[in-house]
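Colleague: Please see the structure below; I have some questions.
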Amino acid sequence: MTGMTHAITTRRAELAQRLSEHRSKIALLLVIGTIAAITAFKSEVFLSWANFENILVQCSIIGILAMGTTLLMVSGGIDLSVGSGVSLAGVLLATLMADGWSPLIAVIAAIMTASAVGGATGFLAAKSSHHPFVLTLGVLTLLQGVTLLVSISPVTDIPESFISIIDWRPLGLPLVVFVFGVVVVVTHLTLTYTALGRWLYAIGSSESAARLSGIRIDAVKVVVYAISGVFVGIGGVLMTAQLASAQPEMGRGLELAAIAAVAVGGTPLAGGRGDVLGTLLGVLLLALIGNSLNLLSITSSWQFVLQGLVIVIAVLAQRKT
Amino acid sequence: MVLKATGLTKSYGANQALRGVDIQVASGQIHGLVGANGAGKSTLVKVLSGAIDPDSGSITLGTWSGSSLTPRSAHQLGLACIYQDPGLAPHLDLVANVLLGQEATRFGSLLATARQRSAVTEILRTVGLSKPSETLAGALSPAEQQLLEIAKALFRDSRVLIMDEPTAALGEKERRQLFEVVRGLKDRGAAIIYISHHMDEVLDLCDVVTVMRGGQTVLHQSADKLDVDTMVTAMIGHEIAARTTEPRELGAPALQLRGVGQAAGLSDITLDLSSGEVLGVTGLVGSGRSRLARVLFGIESFERGDIQVFGTTYKPRHPSDAIKRGIGLVPEDRKKDALLMGLSAAKNITLARLTRSVLGLLNLRRERETAARWVDHLAVVPPSTRIAPNALSGGNQQKLVIARWMHAGSRILILDEPSQGVDVGARDQILGAVRNLADDGGAILVISQDIEELQQIADRVLVMRGGRIVGELDRQHITEADIIPLAMGANVQSSQYTEALT
């Protein structure tokens, strides 16, 4: 083979690989564009900044959880307990504030609790030889119970000073959107530019190869579940502020919405691949469907049908290797 | 003769696997088939069982005669193969496994009839499988699985059985049980071809022995006129010319083991490896050669003895301990244990030592540049840092793994079967790179059962058997004639072979 054809073959192989890596994102963008175009054509409200902000606010909390879930799924892990973690963090926060704790201390306590729960889940996941699916399903139920032990009824006695944080607009953005943005950036930096991020990809590709390259897998798992736990805590705090109350069922089902967004975004359950941009597109697409159907005055039952279809099609369309 | 083959030849490209094989097996006879790796035993089995067609030669099986069989016709003519890893259905019970594919259909259902059930139970008793017939195949011990395979063959009325290393996974007691059954089959008039690496076993069990070497049958003799030494001599044949490279200067001791042992299968391993040296370790499957690597690298538990790395005590607990001490491992199964199949070459190369900048963040540009140098240095094809291993050939994948440890600055490199699954061109490049590492002062431990590979790069070879080092061979004696008797446990001097051959 001459040098010239050699170089061309190499370029072609690289291009083919890049295309297949980004194929799902290109498809997602096309779908998002199509839905946006149809909705914009039928409804003039859609293209307003207010509506766009509305979409972002609606998807921020799920988005924050989805970022933690991205970290987990890249490493081949999963955590089904994030929804009930949100409930626990929210109810704990509200109860502490109702007991007269300062909001700042209560917020820190809630986030730290969620993070500790995540770390403990990570420890168990590291020690178990099975996929963490069933394990974290157990943690989900356990946290539901613990939340009910903290408070069986909704907690509404929340200081005004806390509820008002939802009106903060750092950089002109609603607080939840701002925090979501920070979490997106932190997650992206972690995955791309830190050793931890690289280790997550390595573990997701092959645990055995990762271990034989000197990676302390157990420690990495504890850390990544704890980071996801921090995001869960933040989600619980923001949701409590949004609702101006906390109730034991507030986080129900959020884990599935987060996992769906990550999966639609191209991260396989087996791990080793995936990124923040994909998850971001997944979160946006699912939120956009809800928003569009609302604006087009289509009954919300269709929302579930469509969202479900998108998840199914996205997963079927993903590349195998 | 139930089975007779004459003048069988078969070549794969330039490699002639069979060069005129003659074999005759009579009913009521156990026929031992022995030979070193690559002697052509497996090819012969494949030809006899119809899996591949020979280039020339003729086969007679029972009343049938012709030039080649198909798996189906071999089967119908009453020939069955029993492999080391039985192909059983683990979730089906014993009866269902025996009947698999032979079920009498009744009302369109595939359930065993009562008559079939009792026939199978009878056969299970014949082969000495005493478990209840509802037992699932997955719950059987390796020995019992072998027996179940034999039962399957009997149920199909097989008159010729080929058994390939049936005792490889068995303990002593199970082995005896299996021998009883095989002898029982012989008394019932079956013809059995028995393949094994264990010479004493062959002598004990077989009536006739055929030795293969280089694709030919070189010895055919009744077992009571044979001994281990004669068989091994026949297996080895002429000595291969020794390598001619000059001995090199050795540096300081890099790795010293004193009485290293482990309950699971290593005892009293003592060895010294110096900088600049390539030390080979060889032995049969199960001799402990790979286990030694796994213990040194902190994958398996290190229990007894003392290890010194560059003069300081080393107690491996985790691969990261090994890497900190400058040890790298190129594992046998690179796809599972080394490579990140879907991630770029650059990420694969830098995994054990990430390119971090001041803040501890990854410097992706430097990562690509560093990786590009290794890709260039080891001539990875295609020369790209972005391509993932799943698009590379075995040889180029292996280069990435070696590059990982060169990049990590490993001064002691352990390679387990480095050129397995690697094409010839890449093999020379890889062995050349390993050789260069040693010339630059690296200490190399090459674990291999490929004698040619050891001849090509090793300065010295240790032979292991049963978890122990049973011999050390210097460069002039890295030959089949020296290695095989040690690895197999025959008590002979290499000079005896030379005499026997002249």
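Residue numbering restarts at 1 for every chain of the structure tokens, chains are lettered A, B, ... in their displayed order, and ligands are numbered from 1 as they appear.
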Find the residues of chain B that sit at most 9 Å from chain A; for each, write down the nearest two atoms and how far apart they are in Å, to one decimal. Count only C-alpha atoms. Sort by chain, then by number going up, and give it as JSON lines.
Modeller:
```
{"residue": "B:Phe297", "atom": "CA", "partner": "A:Leu212", "partner_atom": "CA", "distance": 8.3}
{"residue": "B:Gly298", "atom": "CA", "partner": "A:Leu212", "partner_atom": "CA", "distance": 8.9}
{"residue": "B:Ile299", "atom": "CA", "partner": "A:Leu212", "partner_atom": "CA", "distance": 7.7}
{"residue": "B:His318", "atom": "CA", "partner": "A:Gly214", "partner_atom": "CA", "distance": 7.4}
{"residue": "B:Pro319", "atom": "CA", "partner": "A:Gly214", "partner_atom": "CA", "distance": 4.9}
{"residue": "B:Ser320", "atom": "CA", "partner": "A:Gly214", "partner_atom": "CA", "distance": 3.9}
{"residue": "B:Asp321", "atom": "CA", "partner": "A:Gly214", "partner_atom": "CA", "distance": 7.6}
{"residue": "B:Ala322", "atom": "CA", "partner": "A:Gly214", "partner_atom": "CA", "distance": 8.0}
{"residue": "B:Ile323", "atom": "CA", "partner": "A:Gly214", "partner_atom": "CA", "distance": 6.6}
{"residue": "B:Lys324", "atom": "CA", "partner": "A:Gly214", "partner_atom": "CA", "distance": 8.7}
{"residue": "B:Gly328", "atom": "CA", "partner": "A:Ser213", "partner_atom": "CA", "distance": 8.6}
{"residue": "B:Leu329", "atom": "CA", "partner": "A:Leu212", "partner_atom": "CA", "distance": 7.8}
{"residue": "B:Pro331", "atom": "CA", "partner": "A:Leu212", "partner_atom": "CA", "distance": 8.8}
{"residue": "B:Arg334", "atom": "CA", "partner": "A:Ala209", "partner_atom": "CA", "distance": 8.2}
{"residue": "B:Lys335", "atom": "CA", "partner": "A:Ala209", "partner_atom": "CA", "distance": 8.2}
{"residue": "B:Lys336", "atom": "CA", "partner": "A:Ala209", "partner_atom": "CA", "distance": 6.3}
{"residue": "B:Asp337", "atom": "CA", "partner": "A:Ala209", "partner_atom": "CA", "distance": 4.1}
{"residue": "B:Ala338", "atom": "CA", "partner": "A:Ala209", "partner_atom": "CA", "distance": 4.3}
{"residue": "B:Leu339", "atom": "CA", "partner": "A:Ala209", "partner_atom": "CA", "distance": 6.1}
{"residue": "B:Leu340", "atom": "CA", "partner": "A:Ser205", "partner_atom": "CA", "distance": 5.3}
{"residue": "B:Met341", "atom": "CA", "partner": "A:Ser205", "partner_atom": "CA", "distance": 6.8}
{"residue": "B:Gly342", "atom": "CA", "partner": "A:Ser205", "partner_atom": "CA", "distance": 7.1}
{"residue": "B:Leu343", "atom": "CA", "partner": "A:Gly272", "partner_atom": "CA", "distance": 7.8}
{"residue": "B:Lys347", "atom": "CA", "partner": "A:Arg198", "partner_atom": "CA", "distance": 8.2}
{"residue": "B:Asn348", "atom": "CA", "partner": "A:Ala202", "partner_atom": "CA", "distance": 8.8}
{"residue": "B:Leu351", "atom": "CA", "partner": "A:Ser213", "partner_atom": "CA", "distance": 6.6}
{"residue": "B:Ala352", "atom": "CA", "partner": "A:Ser213", "partner_atom": "CA", "distance": 5.1}
{"residue": "B:Arg353", "atom": "CA", "partner": "A:Ser213", "partner_atom": "CA", "distance": 8.8}
{"residue": "B:Leu354", "atom": "CA", "partner": "A:Ala195", "partner_atom": "CA", "distance": 7.1}
{"residue": "B:Arg356", "atom": "CA", "partner": "A:Ala195", "partner_atom": "CA", "distance": 8.2}
{"residue": "B:Gly360", "atom": "CA", "partner": "A:Thr194", "partner_atom": "CA", "distance": 7.3}
{"residue": "B:Leu361", "atom": "CA", "partner": "A:Thr194", "partner_atom": "CA", "distance": 5.0}
{"residue": "B:Leu362", "atom": "CA", "partner": "A:Tyr193", "partner_atom": "CA", "distance": 4.7}
{"residue": "B:Asn363", "atom": "CA", "partner": "A:Tyr193", "partner_atom": "CA", "distance": 7.3}
{"residue": "B:Leu364", "atom": "CA", "partner": "A:Tyr193", "partner_atom": "CA", "distance": 7.6}
{"residue": "B:Val381", "atom": "CA", "partner": "A:Thr10", "partner_atom": "CA", "distance": 8.4}
{"residue": "B:Pro382", "atom": "CA", "partner": "A:Thr10", "partner_atom": "CA", "distance": 5.5}
{"residue": "B:Pro383", "atom": "CA", "partner": "A:Thr10", "partner_atom": "CA", "distance": 6.8}
{"residue": "B:Ser384", "atom": "CA", "partner": "A:Thr10", "partner_atom": "CA", "distance": 6.7}
{"residue": "B:Arg386", "atom": "CA", "partner": "A:Glu14", "partner_atom": "CA", "distance": 6.4}
{"residue": "B:Ile387", "atom": "CA", "partner": "A:Glu14", "partner_atom": "CA", "distance": 5.9}
{"residue": "B:Ala388", "atom": "CA", "partner": "A:Gln17", "partner_atom": "CA", "distance": 8.1}
{"residue": "B:Asn390", "atom": "CA", "partner": "A:Thr321", "partner_atom": "CA", "distance": 8.5}
{"residue": "B:Ala391", "atom": "CA", "partner": "A:Ala13", "partner_atom": "CA", "distance": 8.4}
{"residue": "B:Arg404", "atom": "CA", "partner": "A:Ser213", "partner_atom": "CA", "distance": 9.0}
```
Colleague: Those same residues, written as a CSV table (one decimal), in the first residue's frame with N, CA and C atoms?
Modeller:
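Final file, again01.csv:
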```
chain,number,residue,atom,x,y,z
B,297,PHE,N,1.1,-9.7,39.4
B,297,PHE,CA,0.5,-8.4,39.0
B,297,PHE,C,-0.6,-8.0,40.0
B,298,GLY,N,-0.8,-8.8,41.1
B,298,GLY,CA,-1.8,-8.4,42.1
B,298,GLY,C,-3.2,-8.8,41.8
B,299,ILE,N,-3.4,-9.7,40.8
B,299,ILE,CA,-4.8,-10.0,40.5
B,299,ILE,C,-5.3,-11.2,41.3
B,318,HIS,N,-3.1,-5.4,44.6
B,318,HIS,CA,-4.0,-4.9,43.5
B,318,HIS,C,-3.1,-4.5,42.4
B,319,PRO,N,-3.6,-4.6,41.1
B,319,PRO,CA,-2.8,-4.2,40.0
B,319,PRO,C,-2.2,-2.8,40.1
B,320,SER,N,-2.8,-1.9,40.9
B,320,SER,CA,-2.2,-0.6,41.0
B,320,SER,C,-0.9,-0.7,41.8
B,321,ASP,N,-0.8,-1.6,42.7
B,321,ASP,CA,0.5,-1.8,43.4
B,321,ASP,C,1.6,-2.2,42.4
B,322,ALA,N,1.2,-3.1,41.5
B,322,ALA,CA,2.2,-3.5,40.5
B,322,ALA,C,2.6,-2.4,39.6
B,323,ILE,N,1.6,-1.6,39.2
B,323,ILE,CA,1.9,-0.5,38.3
B,323,ILE,C,2.8,0.5,38.9
B,324,LYS,N,2.6,0.8,40.2
B,324,LYS,CA,3.4,1.8,40.9
B,324,LYS,C,4.9,1.3,41.0
B,328,GLY,N,4.2,-4.0,34.3
B,328,GLY,CA,3.1,-4.0,33.4
B,328,GLY,C,2.7,-5.4,33.0
B,329,LEU,N,1.4,-5.6,32.7
B,329,LEU,CA,1.0,-7.0,32.3
B,329,LEU,C,0.3,-6.9,30.9
B,331,PRO,N,-2.0,-9.2,29.2
B,331,PRO,CA,-2.7,-10.4,29.5
B,331,PRO,C,-3.0,-11.3,28.3
B,334,ARG,N,-6.7,-10.3,25.6
B,334,ARG,CA,-6.5,-8.9,25.6
B,334,ARG,C,-7.9,-8.2,25.4
B,335,LYS,N,-8.8,-8.8,24.8
B,335,LYS,CA,-10.1,-8.1,24.5
B,335,LYS,C,-10.9,-7.9,25.9
B,336,LYS,N,-10.8,-8.9,26.7
B,336,LYS,CA,-11.5,-8.8,28.0
B,336,LYS,C,-10.7,-8.1,29.1
B,337,ASP,N,-9.4,-8.4,29.1
B,337,ASP,CA,-8.6,-7.9,30.3
B,337,ASP,C,-7.7,-6.7,30.0
B,338,ALA,N,-7.7,-6.2,28.8
B,338,ALA,CA,-6.7,-5.1,28.5
B,338,ALA,C,-7.4,-4.0,27.8
B,339,LEU,N,-8.1,-4.3,26.7
B,339,LEU,CA,-8.6,-3.2,25.8
B,339,LEU,C,-9.9,-2.6,26.2
B,340,LEU,N,-10.1,-1.3,25.9
B,340,LEU,CA,-11.4,-0.7,25.9
B,340,LEU,C,-11.8,-0.7,24.5
B,341,MET,N,-12.6,-1.7,24.1
B,341,MET,CA,-12.8,-2.0,22.7
B,341,MET,C,-13.5,-0.8,21.9
B,342,GLY,N,-14.3,0.0,22.6
B,342,GLY,CA,-15.0,1.1,21.9
B,342,GLY,C,-14.4,2.4,22.0
B,343,LEU,N,-13.3,2.5,22.8
B,343,LEU,CA,-12.7,3.9,23.0
B,343,LEU,C,-11.4,4.0,22.1
B,347,LYS,N,-6.9,6.8,24.0
B,347,LYS,CA,-7.4,6.5,25.4
B,347,LYS,C,-6.9,5.2,25.9
B,348,ASN,N,-6.8,4.2,25.0
B,348,ASN,CA,-6.3,2.9,25.4
B,348,ASN,C,-4.9,3.0,25.8
B,351,LEU,N,-4.2,4.8,29.3
B,351,LEU,CA,-5.1,4.5,30.5
B,351,LEU,C,-4.3,4.3,31.8
B,352,ALA,N,-3.1,3.7,31.7
B,352,ALA,CA,-2.4,3.4,33.0
B,352,ALA,C,-1.6,4.6,33.5
B,353,ARG,N,-1.4,5.6,32.6
B,353,ARG,CA,-0.8,6.8,33.1
B,353,ARG,C,-1.4,8.0,32.2
B,354,LEU,N,-2.4,8.6,32.8
B,354,LEU,CA,-3.1,9.6,32.1
B,354,LEU,C,-2.3,10.9,32.0
B,356,ARG,N,-1.9,14.3,32.6
B,356,ARG,CA,-2.5,15.3,33.4
B,356,ARG,C,-1.8,16.6,33.3
B,360,GLY,N,-4.4,18.9,37.4
B,360,GLY,CA,-4.9,17.5,37.5
B,360,GLY,C,-5.9,17.1,36.5
B,361,LEU,N,-6.2,18.1,35.6
B,361,LEU,CA,-7.1,17.8,34.5
B,361,LEU,C,-6.4,17.1,33.4
B,362,LEU,N,-7.1,16.4,32.6
B,362,LEU,CA,-6.5,15.7,31.4
B,362,LEU,C,-6.2,16.7,30.3
B,363,ASN,N,-5.0,16.5,29.8
B,363,ASN,CA,-4.6,17.3,28.7
B,363,ASN,C,-4.8,16.5,27.4
B,364,LEU,N,-5.9,16.8,26.7
B,364,LEU,CA,-6.3,15.9,25.6
B,364,LEU,C,-5.4,16.0,24.4
B,381,VAL,N,-1.3,-0.2,12.5
B,381,VAL,CA,-2.0,0.1,11.2
B,381,VAL,C,-3.5,-0.1,11.4
B,382,PRO,N,-4.4,0.8,11.1
B,382,PRO,CA,-4.0,2.1,10.5
B,382,PRO,C,-3.4,3.1,11.5
B,383,PRO,N,-2.5,4.0,11.1
B,383,PRO,CA,-1.8,4.8,12.0
B,383,PRO,C,-2.6,5.9,12.5
B,384,SER,N,-3.6,5.6,13.4
B,384,SER,CA,-4.5,6.6,13.9
B,384,SER,C,-4.6,6.5,15.4
B,386,ARG,N,-7.3,7.8,16.8
B,386,ARG,CA,-8.7,8.0,17.1
B,386,ARG,C,-9.5,6.7,16.9
B,387,ILE,N,-8.9,5.7,16.2
B,387,ILE,CA,-9.6,4.5,15.9
B,387,ILE,C,-9.6,3.6,17.1
B,388,ALA,N,-10.8,3.0,17.3
B,388,ALA,CA,-11.0,2.1,18.5
B,388,ALA,C,-10.5,0.7,18.1
B,390,ASN,N,-11.8,-2.1,18.3
B,390,ASN,CA,-12.7,-3.1,17.6
B,390,ASN,C,-12.6,-3.0,16.1
B,391,ALA,N,-11.9,-1.9,15.6
B,391,ALA,CA,-11.7,-1.9,14.2
B,391,ALA,C,-10.2,-2.3,13.8
B,404,ARG,N,0.7,0.8,25.9
B,404,ARG,CA,0.2,1.3,27.2
B,404,ARG,C,1.2,1.2,28.3
```
Colleague: Check region 87-269 of chain A with DSSP on the backbone and list each residue it calls helix (DSSP H, G or I), as a PyMOL selection string.
Modeller: chain A and resi 87-98+103-127+132-150+160-167+170-172+175-193+195-205+207-212+217-243+254-264
Colleague: My list of candidates is B:Arg289, B:Arg435, B:His198, B:Arg159. Which is closest to Asp416 (chain B) when distances are computed with only C-alpha atoms?
Modeller: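 Distance minimum relative to Asp416 (chain B) lands on B:Arg289.
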Colleague: Just list the residues in region 317-393 of chain B DSSP gives strand (DSSP E) on the backbone, as a ChimeraX atom specification.
Modeller: /B:327-330
Colleague: Residues near region 106-110 of chain A, anyone? I mean within 9 Å using only C-alpha atoms, not counting same-chain ones fewer than 3 positions away, as a short mmCIF file (atom, residue, chain, number, x, y, z; two decimals) with N, CA and C atoms, in the first residue's frame.
Modeller:
```
data_model
loop_
_atom_site.label_atom_id
_atom_site.label_comp_id
_atom_site.auth_asym_id
_atom_site.auth_seq_id
_atom_site.Cartn_x
_atom_site.Cartn_y
_atom_site.Cartn_z
N LEU A 88 -36.67 12.00 49.74
CA LEU A 88 -36.03 12.00 51.06
C LEU A 88 -35.36 13.35 51.32
N ALA A 89 -34.59 13.84 50.34
CA ALA A 89 -33.89 15.11 50.52
C ALA A 89 -34.90 16.24 50.75
N GLY A 90 -35.98 16.26 49.95
CA GLY A 90 -36.98 17.32 50.06
C GLY A 90 -37.68 17.29 51.41
N VAL A 91 -38.15 16.11 51.80
CA VAL A 91 -38.90 15.99 53.05
C VAL A 91 -37.98 16.29 54.24
N LEU A 92 -36.74 15.82 54.16
CA LEU A 92 -35.80 16.09 55.24
C LEU A 92 -35.56 17.59 55.37
N LEU A 93 -35.31 18.23 54.22
CA LEU A 93 -35.07 19.67 54.21
C LEU A 93 -36.25 20.42 54.83
N ALA A 94 -37.45 20.10 54.37
CA ALA A 94 -38.64 20.81 54.85
C ALA A 94 -38.85 20.58 56.34
N THR A 95 -38.65 19.33 56.76
CA THR A 95 -38.85 19.01 58.18
C THR A 95 -37.85 19.77 59.04
N LEU A 96 -36.60 19.80 58.60
CA LEU A 96 -35.58 20.51 59.38
C LEU A 96 -35.91 21.99 59.49
N MET A 97 -36.35 22.57 58.36
CA MET A 97 -36.67 24.00 58.39
C MET A 97 -37.90 24.24 59.25
N TRP A 101 -34.51 24.98 61.84
CA TRP A 101 -33.13 25.06 61.34
C TRP A 101 -33.02 26.22 60.35
N SER A 102 -31.83 26.77 60.25
CA SER A 102 -31.65 27.81 59.24
C SER A 102 -31.69 27.16 57.87
N PRO A 103 -32.32 27.80 56.88
CA PRO A 103 -32.45 27.20 55.55
C PRO A 103 -31.10 26.75 54.98
N THR A 113 -26.92 14.38 53.05
CA THR A 113 -27.60 13.10 53.28
C THR A 113 -27.76 12.33 51.97
N ALA A 114 -28.25 13.05 50.96
CA ALA A 114 -28.46 12.39 49.66
C ALA A 114 -27.15 11.85 49.12
N SER A 115 -26.07 12.61 49.32
CA SER A 115 -24.77 12.18 48.83
C SER A 115 -24.28 10.95 49.59
N GLY A 233 -29.65 15.40 45.81
CA GLY A 233 -29.92 16.35 46.90
C GLY A 233 -30.30 17.71 46.34
N ILE A 234 -29.54 18.18 45.36
CA ILE A 234 -29.83 19.48 44.75
C ILE A 234 -31.23 19.46 44.13
N GLY A 236 -33.75 17.64 45.06
CA GLY A 236 -34.74 17.68 46.15
C GLY A 236 -34.94 19.08 46.69
N VAL A 237 -33.82 19.81 46.85
CA VAL A 237 -33.90 21.18 47.37
C VAL A 237 -34.68 22.08 46.40
#
```
